[in-house]
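Source file: coords_24.json; contents: JSON, C-alpha atoms.
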```json
[["chain", "number", "residue", "atom", "x", "y", "z"],
["A", 185, "ASP", "CA", -19.67, 6.87, 1.77],
["A", 186, "THR", "CA", -17.56, 8.10, -1.15],
["A", 187, "GLY", "CA", -14.44, 6.08, -0.36],
["A", 188, "VAL", "CA", -13.07, 2.98, -2.06],
["A", 189, "SER", "CA", -15.28, -0.05, -1.53],
["A", 190, "GLN", "CA", -14.50, -3.72, -1.96],
["A", 191, "ASP", "CA", -16.73, -6.73, -2.12],
["A", 192, "PRO", "CA", -16.82, -9.24, -0.55],
["A", 193, "ARG", "CA", -15.01, -8.37, 2.65],
["A", 194, "HIS", "CA", -14.32, -12.03, 3.40],
["A", 195, "LYS", "CA", -14.16, -15.07, 1.17],
["A", 196, "ILE", "CA", -13.56, -18.67, 2.17],
["A", 197, "THR", "CA", -13.06, -21.12, -0.64],
["A", 198, "LYS", "CA", -11.73, -24.57, -1.26],
["A", 199, "ARG", "CA", -8.50, -25.20, -3.09],
["A", 200, "GLY", "CA", -9.05, -25.37, -6.82],
["A", 201, "GLN", "CA", -12.06, -23.08, -6.91],
["A", 202, "ASN", "CA", -12.19, -19.77, -8.75],
["A", 203, "VAL", "CA", -12.90, -16.52, -6.91],
["A", 204, "THR", "CA", -13.65, -12.99, -8.08],
["A", 205, "PHE", "CA", -13.33, -9.77, -6.11],
["A", 206, "ARG", "CA", -14.73, -6.38, -6.94],
["A", 207, "CYS", "CA", -13.37, -2.91, -6.27],
["A", 208, "ASP", "CA", -15.26, 0.36, -6.69],
["A", 209, "PRO", "CA", -12.80, 3.27, -6.66],
["A", 210, "ILE", "CA", -13.53, 6.87, -5.81],
["A", 211, "SER", "CA", -15.49, 8.09, -8.80],
["A", 212, "GLU", "CA", -13.13, 10.76, -10.15],
["A", 213, "HIS", "CA", -9.99, 8.62, -9.72],
["A", 214, "ASN", "CA", -8.66, 7.24, -12.98],
["A", 215, "ARG", "CA", -5.86, 5.19, -11.44],
["A", 216, "LEU", "CA", -6.59, 1.88, -9.76],
["A", 217, "TYR", "CA", -4.18, -0.51, -8.04],
["A", 218, "TRP", "CA", -4.50, -4.06, -6.73],
["A", 219, "TYR", "CA", -2.23, -5.24, -3.92],
["A", 220, "ARG", "CA", -1.89, -8.40, -1.87],
["A", 221, "GLN", "CA", -0.91, -8.26, 1.79],
["A", 222, "THR", "CA", 0.07, -11.09, 4.07],
["A", 223, "LEU", "CA", 0.64, -10.91, 7.82],
["A", 224, "GLY", "CA", 3.64, -8.85, 8.78],
["A", 225, "GLN", "CA", 4.30, -7.62, 5.25],
["A", 226, "GLY", "CA", 3.63, -4.49, 3.31],
["A", 227, "PRO", "CA", 1.22, -4.39, 0.40],
["A", 228, "GLU", "CA", 2.64, -6.26, -2.59],
["A", 229, "PHE", "CA", 1.88, -4.71, -5.96],
["A", 230, "LEU", "CA", -0.19, -6.89, -8.28],
["A", 231, "THR", "CA", -1.44, -4.69, -11.08],
["A", 232, "TYR", "CA", -2.29, -1.13, -12.09],
["A", 233, "PHE", "CA", -4.91, 0.47, -14.34],
["A", 234, "GLN", "CA", -5.13, 3.91, -15.78],
["A", 235, "ASN", "CA", -8.73, 4.29, -16.85],
["A", 236, "GLU", "CA", -9.59, 0.98, -18.54],
["A", 237, "ALA", "CA", -6.04, 0.18, -19.62],
["A", 238, "GLN", "CA", -4.02, -2.30, -17.58],
["A", 239, "LEU", "CA", -0.60, -0.69, -17.77],
["A", 240, "GLU", "CA", 1.42, -2.86, -15.45],
["A", 241, "LYS", "CA", 1.24, -6.34, -14.02],
["A", 242, "SER", "CA", 3.65, -7.79, -11.51],
["A", 243, "ARG", "CA", 5.98, -10.42, -12.88],
["A", 244, "LEU", "CA", 5.34, -12.29, -9.66],
["A", 245, "LEU", "CA", 1.71, -12.75, -10.62],
["A", 246, "SER", "CA", 0.95, -16.14, -12.04],
["A", 247, "ASP", "CA", -1.35, -16.67, -15.02],
["A", 248, "ARG", "CA", -4.06, -17.73, -12.59],
["A", 249, "PHE", "CA", -4.59, -14.07, -11.73],
["A", 250, "SER", "CA", -6.44, -11.72, -14.03],
["A", 251, "ALA", "CA", -7.87, -8.27, -13.57],
["A", 252, "GLU", "CA", -10.20, -6.10, -15.59],
["A", 253, "ARG", "CA", -11.52, -2.59, -15.41],
["A", 254, "PRO", "CA", -14.25, -2.24, -18.03],
["A", 255, "LYS", "CA", -15.15, 1.34, -18.90],
["A", 256, "GLY", "CA", -12.58, 2.60, -16.46],
["A", 257, "SER", "CA", -14.89, 2.39, -13.47],
["A", 258, "PHE", "CA", -15.01, -0.62, -11.14],
["A", 259, "SER", "CA", -12.45, -3.38, -11.34],
["A", 260, "THR", "CA", -12.51, -7.12, -10.77],
["A", 261, "LEU", "CA", -9.69, -9.43, -9.74],
["A", 262, "GLU", "CA", -10.14, -13.11, -10.52],
["A", 263, "ILE", "CA", -8.04, -15.94, -9.16],
["A", 264, "GLN", "CA", -8.46, -19.26, -10.92],
["A", 265, "ARG", "CA", -7.69, -22.65, -9.37],
["A", 266, "THR", "CA", -6.95, -21.15, -5.98],
["A", 267, "GLU", "CA", -4.10, -22.50, -3.89],
["A", 268, "GLN", "CA", -3.53, -22.26, -0.16],
["A", 269, "GLY", "CA", -0.70, -19.84, -0.82],
["A", 270, "ASP", "CA", -3.23, -17.40, -2.26],
["A", 271, "SER", "CA", -4.67, -16.82, 1.23],
["A", 272, "ALA", "CA", -4.11, -13.13, 1.94],
["A", 273, "MET", "CA", -5.77, -9.73, 2.15],
["A", 274, "TYR", "CA", -6.40, -8.30, -1.31],
["A", 275, "LEU", "CA", -6.38, -4.52, -1.28],
["A", 276, "CYS", "CA", -7.59, -2.11, -3.90],
["A", 277, "ALA", "CA", -6.47, 1.51, -4.04],
["A", 278, "SER", "CA", -7.32, 4.43, -6.29],
["A", 279, "SER", "CA", -5.78, 7.80, -7.00],
["A", 280, "PHE", "CA", -5.87, 10.65, -9.49],
["A", 281, "PRO", "CA", -2.83, 11.97, -11.30],
["A", 282, "GLY", "CA", -0.69, 14.59, -9.64],
["A", 283, "LEU", "CA", 0.83, 17.53, -11.43],
["A", 284, "ALA", "CA", 2.37, 16.61, -14.78],
["A", 285, "GLY", "CA", 1.00, 13.08, -14.41],
["A", 286, "ASP", "CA", 3.08, 12.38, -11.34],
["A", 287, "TYR", "CA", 1.99, 10.21, -8.46],
["A", 288, "ASN", "CA", -0.55, 11.21, -5.89],
["A", 289, "GLU", "CA", -1.79, 9.69, -2.65],
["A", 290, "GLN", "CA", -3.52, 6.34, -2.87],
["A", 291, "PHE", "CA", -6.84, 5.75, -1.15],
["A", 292, "PHE", "CA", -7.19, 2.17, -0.01],
["A", 293, "GLY", "CA", -10.34, 0.13, 0.33],
["A", 294, "PRO", "CA", -11.03, -2.10, 3.34],
["A", 295, "GLY", "CA", -9.76, -5.18, 1.49],
["A", 296, "THR", "CA", -11.06, -8.66, 0.81],
["A", 297, "ARG", "CA", -9.67, -11.35, 3.07],
["A", 298, "LEU", "CA", -9.31, -14.62, 1.18],
["A", 299, "THR", "CA", -8.93, -17.94, 2.97],
["A", 300, "VAL", "CA", -8.22, -20.99, 0.84],
["A", 301, "LEU", "CA", -8.86, -24.27, 2.62],
["B", 252, "GLY", "CA", 15.23, -5.33, -8.71],
["B", 253, "GLN", "CA", 14.35, -2.31, -6.64],
["B", 254, "GLN", "CA", 14.00, -2.92, -2.92],
["B", 255, "VAL", "CA", 12.51, -0.77, -0.19],
["B", 256, "MET", "CA", 13.61, -1.70, 3.30],
["B", 257, "GLN", "CA", 12.38, -0.42, 6.63],
["B", 258, "ILE", "CA", 14.01, -0.59, 10.02],
["B", 259, "PRO", "CA", 13.22, -1.44, 12.66],
["B", 260, "GLN", "CA", 10.62, -4.05, 11.86],
["B", 261, "TYR", "CA", 9.18, -3.70, 15.33],
["B", 262, "GLN", "CA", 9.26, -0.79, 17.78],
["B", 263, "HIS", "CA", 8.06, -0.94, 21.36],
["B", 264, "VAL", "CA", 7.71, 2.57, 22.79],
["B", 265, "GLN", "CA", 6.76, 3.91, 26.20],
["B", 266, "GLU", "CA", 4.05, 6.54, 25.99],
["B", 267, "GLY", "CA", 5.65, 9.98, 25.89],
["B", 268, "GLU", "CA", 8.91, 8.79, 24.33],
["B", 269, "ASP", "CA", 10.22, 9.70, 20.89],
["B", 270, "PHE", "CA", 11.22, 7.26, 18.20],
["B", 271, "THR", "CA", 12.34, 7.18, 14.58],
["B", 272, "THR", "CA", 11.71, 4.68, 11.83],
["B", 273, "TYR", "CA", 13.79, 4.52, 8.68],
["B", 274, "CYS", "CA", 13.15, 3.68, 5.05],
["B", 275, "ASN", "CA", 15.90, 2.87, 2.57],
["B", 276, "SER", "CA", 15.60, 2.29, -1.15],
["B", 277, "SER", "CA", 18.13, 0.48, -3.31],
["B", 278, "THR", "CA", 17.49, 3.05, -6.06],
["B", 279, "THR", "CA", 16.84, 6.78, -6.23],
["B", 280, "LEU", "CA", 13.18, 7.64, -5.82],
["B", 281, "SER", "CA", 11.24, 10.41, -7.54],
["B", 282, "ASN", "CA", 9.09, 10.66, -4.45],
["B", 283, "ILE", "CA", 8.24, 8.70, -1.34],
["B", 284, "GLN", "CA", 4.95, 8.19, 0.44],
["B", 285, "TRP", "CA", 4.21, 7.19, 4.03],
["B", 286, "TYR", "CA", 1.13, 5.27, 5.14],
["B", 287, "LYS", "CA", -0.21, 4.16, 8.50],
["B", 288, "GLN", "CA", -2.19, 0.97, 9.00],
["B", 289, "ARG", "CA", -4.01, 0.48, 12.28],
["B", 290, "PRO", "CA", -4.52, -3.11, 13.51],
["B", 291, "GLY", "CA", -7.32, -4.66, 11.46],
["B", 292, "GLY", "CA", -7.47, -1.64, 9.16],
["B", 293, "HIS", "CA", -6.20, -0.64, 5.75],
["B", 294, "PRO", "CA", -3.30, 1.67, 4.86],
["B", 295, "VAL", "CA", -4.07, 5.36, 5.17],
["B", 296, "PHE", "CA", -1.95, 7.98, 3.44],
["B", 297, "LEU", "CA", 0.07, 10.26, 5.70],
["B", 298, "ILE", "CA", 2.35, 12.30, 3.46],
["B", 299, "GLN", "CA", 4.33, 12.48, 0.23],
["B", 300, "LEU", "CA", 7.86, 13.86, -0.07],
["B", 301, "VAL", "CA", 9.22, 14.92, -3.44],
["B", 302, "LYS", "CA", 12.24, 17.21, -3.06],
["B", 303, "SER", "CA", 15.73, 16.23, -2.02],
["B", 304, "GLY", "CA", 16.24, 17.03, 1.67],
["B", 305, "GLU", "CA", 12.58, 17.88, 2.14],
["B", 306, "VAL", "CA", 11.21, 17.99, 5.68],
["B", 307, "LYS", "CA", 7.51, 18.04, 6.47],
["B", 308, "LYS", "CA", 5.76, 18.10, 9.81],
["B", 309, "GLN", "CA", 2.33, 16.93, 10.85],
["B", 310, "LYS", "CA", 1.80, 17.79, 14.50],
["B", 311, "ARG", "CA", 4.08, 15.32, 16.34],
["B", 312, "LEU", "CA", 5.22, 13.56, 13.15],
["B", 313, "THR", "CA", 8.27, 14.75, 11.21],
["B", 314, "PHE", "CA", 9.07, 13.27, 7.82],
["B", 315, "GLN", "CA", 12.36, 13.69, 6.01],
["B", 316, "PHE", "CA", 13.56, 12.79, 2.52],
["B", 317, "GLY", "CA", 17.27, 12.20, 2.14],
["B", 318, "GLU", "CA", 19.52, 14.39, 0.04],
["B", 319, "ALA", "CA", 20.19, 11.51, -2.36],
["B", 320, "LYS", "CA", 16.47, 10.64, -2.43],
["B", 321, "LYS", "CA", 17.24, 7.06, -1.47],
["B", 322, "ASN", "CA", 16.15, 7.18, 2.14],
["B", 323, "SER", "CA", 13.51, 8.69, 4.35],
["B", 324, "SER", "CA", 12.65, 8.83, 8.02],
["B", 325, "LEU", "CA", 9.62, 9.31, 10.21],
["B", 326, "HIS", "CA", 10.17, 10.73, 13.67],
["B", 327, "ILE", "CA", 7.36, 10.76, 16.23],
["B", 328, "THR", "CA", 7.69, 12.86, 19.36],
["B", 329, "ALA", "CA", 5.84, 12.29, 22.62],
["B", 330, "THR", "CA", 4.31, 9.02, 21.44],
["B", 331, "GLN", "CA", 0.65, 8.47, 22.27],
["B", 332, "THR", "CA", -1.45, 5.32, 22.28],
["B", 333, "THR", "CA", -3.15, 6.61, 19.13],
["B", 334, "ASP", "CA", 0.17, 6.16, 17.30],
["B", 335, "VAL", "CA", -0.19, 2.39, 17.49],
["B", 336, "GLY", "CA", -0.07, 0.74, 14.08],
["B", 337, "THR", "CA", 2.27, -0.17, 11.26],
["B", 338, "TYR", "CA", 3.98, 2.56, 9.31],
["B", 339, "PHE", "CA", 4.87, 1.85, 5.69],
["B", 340, "CYS", "CA", 6.95, 3.79, 3.23],
["B", 341, "ALA", "CA", 6.37, 3.34, -0.49],
["B", 342, "GLY", "CA", 8.10, 4.52, -3.59],
["B", 343, "PRO", "CA", 7.43, 4.29, -7.31],
["B", 344, "SER", "CA", 9.31, 1.62, -9.19],
["B", 345, "THR", "CA", 12.19, 2.77, -11.32],
["B", 346, "ASP", "CA", 11.72, 0.01, -13.86],
["B", 347, "SER", "CA", 7.99, 0.16, -14.49],
["B", 348, "TRP", "CA", 5.76, 3.20, -14.41],
["B", 349, "GLY", "CA", 2.77, 2.93, -12.11],
["B", 350, "LYS", "CA", 4.17, 0.19, -9.91],
["B", 351, "PHE", "CA", 4.64, 1.04, -6.24],
["B", 352, "GLN", "CA", 7.05, -0.74, -3.95],
["B", 353, "PHE", "CA", 6.08, -0.85, -0.27],
["B", 354, "GLY", "CA", 8.45, -1.59, 2.56],
["B", 355, "ALA", "CA", 7.60, -4.32, 5.08],
["B", 356, "GLY", "CA", 6.66, -1.68, 7.62],
["B", 357, "THR", "CA", 7.52, -0.79, 11.19],
["B", 358, "GLN", "CA", 5.01, -2.11, 13.69],
["B", 359, "VAL", "CA", 4.68, 0.29, 16.62],
["B", 360, "VAL", "CA", 3.38, -0.81, 19.99],
["B", 361, "VAL", "CA", 2.87, 1.83, 22.67],
["B", 362, "THR", "CA", 2.88, 1.04, 26.36],
["B", 363, "PRO", "CA", 0.87, 3.44, 28.54]]
```
Represent the structure of the file as structure tokens.
Amino acid sequence: DTGVSQDPRHKITKRGQNVTFRCDPISEHNRLYWYRQTLGQGPEFLTYFQNEAQLEKSRLLSDRFSAERPKGSFSTLEIQRTEQGDSAMYLCASSFPGLAGDYNEQFFGPGTRLTVL
Amino acid sequence: GQQVMQIPQYQHVQEGEDFTTYCNSSTTLSNIQWYKQRPGGHPVFLIQLVKSGEVKKQKRLTFQFGEAKKNSSLHITATQTTDVGTYFCAGPSTDSWGKFQFGAGTQVVVTP
């Protein structure tokens, strides 16, 4: 399977614990996005990487959230001191640049469903 | 800040009927993308519109980008049960490069 993969698919944790999710994008894609999706809502942008550089981070994201993409390949999203409000589906997407660096379609992974008890 | 709104939020359609869902942005978009998310699945890209007034068709789906590039529509003819899902539009942010703003989606339920 050469699509976007995410691990784990499900995570249940207790409030206050730290969690880390991993995303493996399609290999030739240099752009990587993290989104959060709750029931009945569209994906909410969290952060964006171009290669290993984190170029944009949502102002809505608290300091408890951090993401990395070492060597411009896989990416990790860490949430520290989880809260019940963090319960959501965390989606990763990748894409490659369109013409003149414009946007291209995003390929989404299956997501990691986080439940904070 | 920029907002992307979709109406209706929910659409109940009889199989064989047509329907249209709309996407409106508070700011002009350089392009707009449409995605479909099946129940329990992840968003899957359908199409991207770039030019003002652009119309693209995919079988029974017709996508249109408004002349002012602030709105878009998706029209489905002869709805089938396979059309069930939530349809999202998304556009790039005008205040930060790389950030995409998704609408809340239109959830489509099809009755046989």
Rank B:Ala319, B:Val255, B:Leu312, B:Ile327 by their smallest atom-to-atom distance to chain A, using only C-alpha atoms, and report the top residue only.
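When distances to chain A are compared using only C-alpha atoms, the smallest one comes from B:Val255.
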Just give me the residues with any atom within 12 Å of (10.6, 7.0, -0.5), file coordinates, counting all atoms listed in the file, written as JSON, numbers by chain.
{"B": [253, 254, 255, 256, 257, 273, 274, 275, 276, 277, 278, 279, 280, 281, 282, 283, 284, 285, 286, 298, 299, 300, 301, 302, 303, 304, 305, 314, 315, 316, 317, 318, 319, 320, 321, 322, 323, 324, 325, 339, 340, 341, 342, 343, 344, 345, 351, 352, 353, 354]}
Taking (-9.4, -23.6, 2.7) in the file's coordinates as the center, which residues reach within 9 Å of it, counting only C-alpha atoms, put as a PyMOL selection string?
chain A and resi 196-199+267-268+271+299-301
Counting all atoms listed in the file, which residues of chain A come no farther than 12 Å from chain B, as a PyMOL selection string?
chain A and resi 187-190+215-234+237-243+273-283+285-297
Between CA of Thr313 (chain B) and CA of Thr333 (chain B), measure the distance and give it in Å to one decimal.
16.1 Å
Long-range neighbours of Thr330 (chain B) as a PDB file with C-alpha atoms, keeping the file's coordinate frame, 9 Å cut-off, all atoms listed in the file, 2 positions minimum in chain:
```pdb
ATOM      1  CA  VAL B 264       7.710   2.570  22.790  1.00  0.00           C
ATOM      2  CA  GLN B 265       6.760   3.910  26.200  1.00  0.00           C
ATOM      3  CA  GLU B 266       4.050   6.540  25.990  1.00  0.00           C
ATOM      4  CA  GLY B 267       5.650   9.980  25.890  1.00  0.00           C
ATOM      5  CA  GLU B 268       8.910   8.790  24.330  1.00  0.00           C
ATOM      6  CA  ASP B 269      10.220   9.700  20.890  1.00  0.00           C
ATOM      7  CA  PHE B 270      11.220   7.260  18.200  1.00  0.00           C
ATOM      8  CA  ARG B 311       4.080  15.320  16.340  1.00  0.00           C
ATOM      9  CA  ILE B 327       7.360  10.760  16.230  1.00  0.00           C
ATOM     10  CA  THR B 328       7.690  12.860  19.360  1.00  0.00           C
ATOM     11  CA  THR B 332      -1.450   5.320  22.280  1.00  0.00           C
ATOM     12  CA  THR B 333      -3.150   6.610  19.130  1.00  0.00           C
ATOM     13  CA  ASP B 334       0.170   6.160  17.300  1.00  0.00           C
ATOM     14  CA  VAL B 335      -0.190   2.390  17.490  1.00  0.00           C
ATOM     15  CA  VAL B 361       2.870   1.830  22.670  1.00  0.00           C
TER      16      VAL B 361
END
```
Please fill the gaps in region 205-216 of chain A so it has all heavy atoms, and write that as a PDB file, in the frame of the given file.
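Writing the result to selection.pdb gives the following:
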```pdb
ATOM      1  N   PHE A 205     -13.137 -10.886  -7.019  1.00  0.00           N
ATOM      2  CA  PHE A 205     -13.330  -9.770  -6.110  1.00  0.00           C
ATOM      3  C   PHE A 205     -13.642  -8.514  -6.908  1.00  0.00           C
ATOM      4  O   PHE A 205     -13.168  -8.354  -8.027  1.00  0.00           O
ATOM      5  CB  PHE A 205     -12.065  -9.520  -5.277  1.00  0.00           C
ATOM      6  CG  PHE A 205     -11.504 -10.747  -4.603  1.00  0.00           C
ATOM      7  CD1 PHE A 205     -10.139 -10.931  -4.511  1.00  0.00           C
ATOM      8  CD2 PHE A 205     -12.342 -11.700  -4.053  1.00  0.00           C
ATOM      9  CE1 PHE A 205      -9.608 -12.058  -3.895  1.00  0.00           C
ATOM     10  CE2 PHE A 205     -11.821 -12.829  -3.432  1.00  0.00           C
ATOM     11  CZ  PHE A 205     -10.451 -13.003  -3.366  1.00  0.00           C
ATOM     12  N   ARG A 206     -14.376  -7.628  -6.268  1.00  0.00           N
ATOM     13  CA  ARG A 206     -14.730  -6.380  -6.940  1.00  0.00           C
ATOM     14  C   ARG A 206     -14.218  -5.187  -6.152  1.00  0.00           C
ATOM     15  O   ARG A 206     -14.198  -5.199  -4.918  1.00  0.00           O
ATOM     16  CB  ARG A 206     -16.253  -6.281  -7.076  1.00  0.00           C
ATOM     17  CG  ARG A 206     -16.726  -4.957  -7.696  1.00  0.00           C
ATOM     18  CD  ARG A 206     -18.208  -4.871  -7.808  1.00  0.00           C
ATOM     19  NE  ARG A 206     -18.631  -3.532  -8.213  1.00  0.00           N
ATOM     20  CZ  ARG A 206     -19.349  -3.277  -9.293  1.00  0.00           C
ATOM     21  NH1 ARG A 206     -19.737  -4.261 -10.100  1.00  0.00           N
ATOM     22  NH2 ARG A 206     -19.697  -2.035  -9.578  1.00  0.00           N
ATOM     23  N   CYS A 207     -13.823  -4.167  -6.877  1.00  0.00           N
ATOM     24  CA  CYS A 207     -13.370  -2.910  -6.270  1.00  0.00           C
ATOM     25  C   CYS A 207     -14.086  -1.754  -6.955  1.00  0.00           C
ATOM     26  O   CYS A 207     -14.088  -1.659  -8.186  1.00  0.00           O
ATOM     27  CB  CYS A 207     -11.868  -2.749  -6.420  1.00  0.00           C
ATOM     28  SG  CYS A 207     -11.250  -1.101  -5.960  1.00  0.00           S
ATOM     29  N   ASP A 208     -14.673  -0.876  -6.172  1.00  0.00           N
ATOM     30  CA  ASP A 208     -15.260   0.360  -6.690  1.00  0.00           C
ATOM     31  C   ASP A 208     -14.415   1.528  -6.196  1.00  0.00           C
ATOM     32  O   ASP A 208     -14.442   1.838  -5.000  1.00  0.00           O
ATOM     33  CB  ASP A 208     -16.717   0.506  -6.234  1.00  0.00           C
ATOM     34  CG  ASP A 208     -17.640  -0.432  -6.969  1.00  0.00           C
ATOM     35  OD1 ASP A 208     -17.842  -1.570  -6.494  1.00  0.00           O
ATOM     36  OD2 ASP A 208     -18.127  -0.032  -8.043  1.00  0.00           O
ATOM     37  N   PRO A 209     -13.677   2.166  -7.090  1.00  0.00           N
ATOM     38  CA  PRO A 209     -12.800   3.270  -6.660  1.00  0.00           C
ATOM     39  C   PRO A 209     -13.606   4.538  -6.424  1.00  0.00           C
ATOM     40  O   PRO A 209     -14.812   4.599  -6.708  1.00  0.00           O
ATOM     41  CB  PRO A 209     -11.874   3.438  -7.861  1.00  0.00           C
ATOM     42  CG  PRO A 209     -12.725   3.055  -9.021  1.00  0.00           C
ATOM     43  CD  PRO A 209     -13.611   1.948  -8.521  1.00  0.00           C
ATOM     44  N   ILE A 210     -12.943   5.545  -5.920  1.00  0.00           N
ATOM     45  CA  ILE A 210     -13.530   6.870  -5.810  1.00  0.00           C
ATOM     46  C   ILE A 210     -13.812   7.349  -7.236  1.00  0.00           C
ATOM     47  O   ILE A 210     -12.962   7.201  -8.124  1.00  0.00           O
ATOM     48  CB  ILE A 210     -12.584   7.818  -5.067  1.00  0.00           C
ATOM     49  CG1 ILE A 210     -12.463   7.337  -3.617  1.00  0.00           C
ATOM     50  CG2 ILE A 210     -13.079   9.260  -5.116  1.00  0.00           C
ATOM     51  CD1 ILE A 210     -11.409   8.055  -2.805  1.00  0.00           C
ATOM     52  N   SER A 211     -14.970   7.908  -7.450  1.00  0.00           N
ATOM     53  CA  SER A 211     -15.490   8.090  -8.800  1.00  0.00           C
ATOM     54  C   SER A 211     -14.579   8.905  -9.724  1.00  0.00           C
ATOM     55  O   SER A 211     -14.447   8.595 -10.892  1.00  0.00           O
ATOM     56  CB  SER A 211     -16.880   8.727  -8.760  1.00  0.00           C
ATOM     57  OG  SER A 211     -16.825   9.971  -8.098  1.00  0.00           O
ATOM     58  N   GLU A 212     -13.939   9.935  -9.246  1.00  0.00           N
ATOM     59  CA  GLU A 212     -13.130  10.760 -10.150  1.00  0.00           C
ATOM     60  C   GLU A 212     -11.685  10.267 -10.294  1.00  0.00           C
ATOM     61  O   GLU A 212     -10.899  10.868 -11.019  1.00  0.00           O
ATOM     62  CB  GLU A 212     -13.118  12.211  -9.663  1.00  0.00           C
ATOM     63  CG  GLU A 212     -12.509  12.416  -8.286  1.00  0.00           C
ATOM     64  CD  GLU A 212     -13.534  12.386  -7.176  1.00  0.00           C
ATOM     65  OE1 GLU A 212     -14.584  11.746  -7.359  1.00  0.00           O
ATOM     66  OE2 GLU A 212     -13.277  12.984  -6.122  1.00  0.00           O
ATOM     67  N   HIS A 213     -11.355   9.162  -9.646  1.00  0.00           N
ATOM     68  CA  HIS A 213      -9.990   8.620  -9.720  1.00  0.00           C
ATOM     69  C   HIS A 213      -9.843   7.741 -10.959  1.00  0.00           C
ATOM     70  O   HIS A 213     -10.588   6.789 -11.147  1.00  0.00           O
ATOM     71  CB  HIS A 213      -9.670   7.800  -8.468  1.00  0.00           C
ATOM     72  CG  HIS A 213      -9.472   8.623  -7.254  1.00  0.00           C
ATOM     73  ND1 HIS A 213      -9.094   8.075  -6.043  1.00  0.00           N
ATOM     74  CD2 HIS A 213      -9.573   9.959  -7.046  1.00  0.00           C
ATOM     75  CE1 HIS A 213      -8.984   9.043  -5.153  1.00  0.00           C
ATOM     76  NE2 HIS A 213      -9.275  10.191  -5.736  1.00  0.00           N
ATOM     77  N   ASN A 214      -8.846   8.056 -11.783  1.00  0.00           N
ATOM     78  CA  ASN A 214      -8.660   7.240 -12.980  1.00  0.00           C
ATOM     79  C   ASN A 214      -7.594   6.167 -12.808  1.00  0.00           C
ATOM     80  O   ASN A 214      -7.443   5.300 -13.645  1.00  0.00           O
ATOM     81  CB  ASN A 214      -8.317   8.129 -14.182  1.00  0.00           C
ATOM     82  CG  ASN A 214      -6.966   8.805 -14.047  1.00  0.00           C
ATOM     83  OD1 ASN A 214      -6.383   8.870 -12.977  1.00  0.00           O
ATOM     84  ND2 ASN A 214      -6.452   9.285 -15.169  1.00  0.00           N
ATOM     85  N   ARG A 215      -6.880   6.205 -11.680  1.00  0.00           N
ATOM     86  CA  ARG A 215      -5.860   5.190 -11.440  1.00  0.00           C
ATOM     87  C   ARG A 215      -6.353   4.194 -10.407  1.00  0.00           C
ATOM     88  O   ARG A 215      -6.914   4.589  -9.391  1.00  0.00           O
ATOM     89  CB  ARG A 215      -4.557   5.834 -10.959  1.00  0.00           C
ATOM     90  CG  ARG A 215      -3.927   6.746 -11.980  1.00  0.00           C
ATOM     91  CD  ARG A 215      -2.657   7.368 -11.447  1.00  0.00           C
ATOM     92  NE  ARG A 215      -1.981   8.177 -12.470  1.00  0.00           N
ATOM     93  CZ  ARG A 215      -0.876   8.867 -12.259  1.00  0.00           C
ATOM     94  NH1 ARG A 215      -0.297   8.845 -11.076  1.00  0.00           N
ATOM     95  NH2 ARG A 215      -0.330   9.571 -13.235  1.00  0.00           N
ATOM     96  N   LEU A 216      -6.124   2.934 -10.663  1.00  0.00           N
ATOM     97  CA  LEU A 216      -6.590   1.880  -9.760  1.00  0.00           C
ATOM     98  C   LEU A 216      -5.491   0.834  -9.614  1.00  0.00           C
ATOM     99  O   LEU A 216      -4.894   0.404 -10.601  1.00  0.00           O
ATOM    100  CB  LEU A 216      -7.883   1.240 -10.293  1.00  0.00           C
ATOM    101  CG  LEU A 216      -8.588   0.245  -9.361  1.00  0.00           C
ATOM    102  CD1 LEU A 216     -10.099   0.325  -9.566  1.00  0.00           C
ATOM    103  CD2 LEU A 216      -8.085  -1.169  -9.574  1.00  0.00           C
TER     104      LEU A 216
END
```
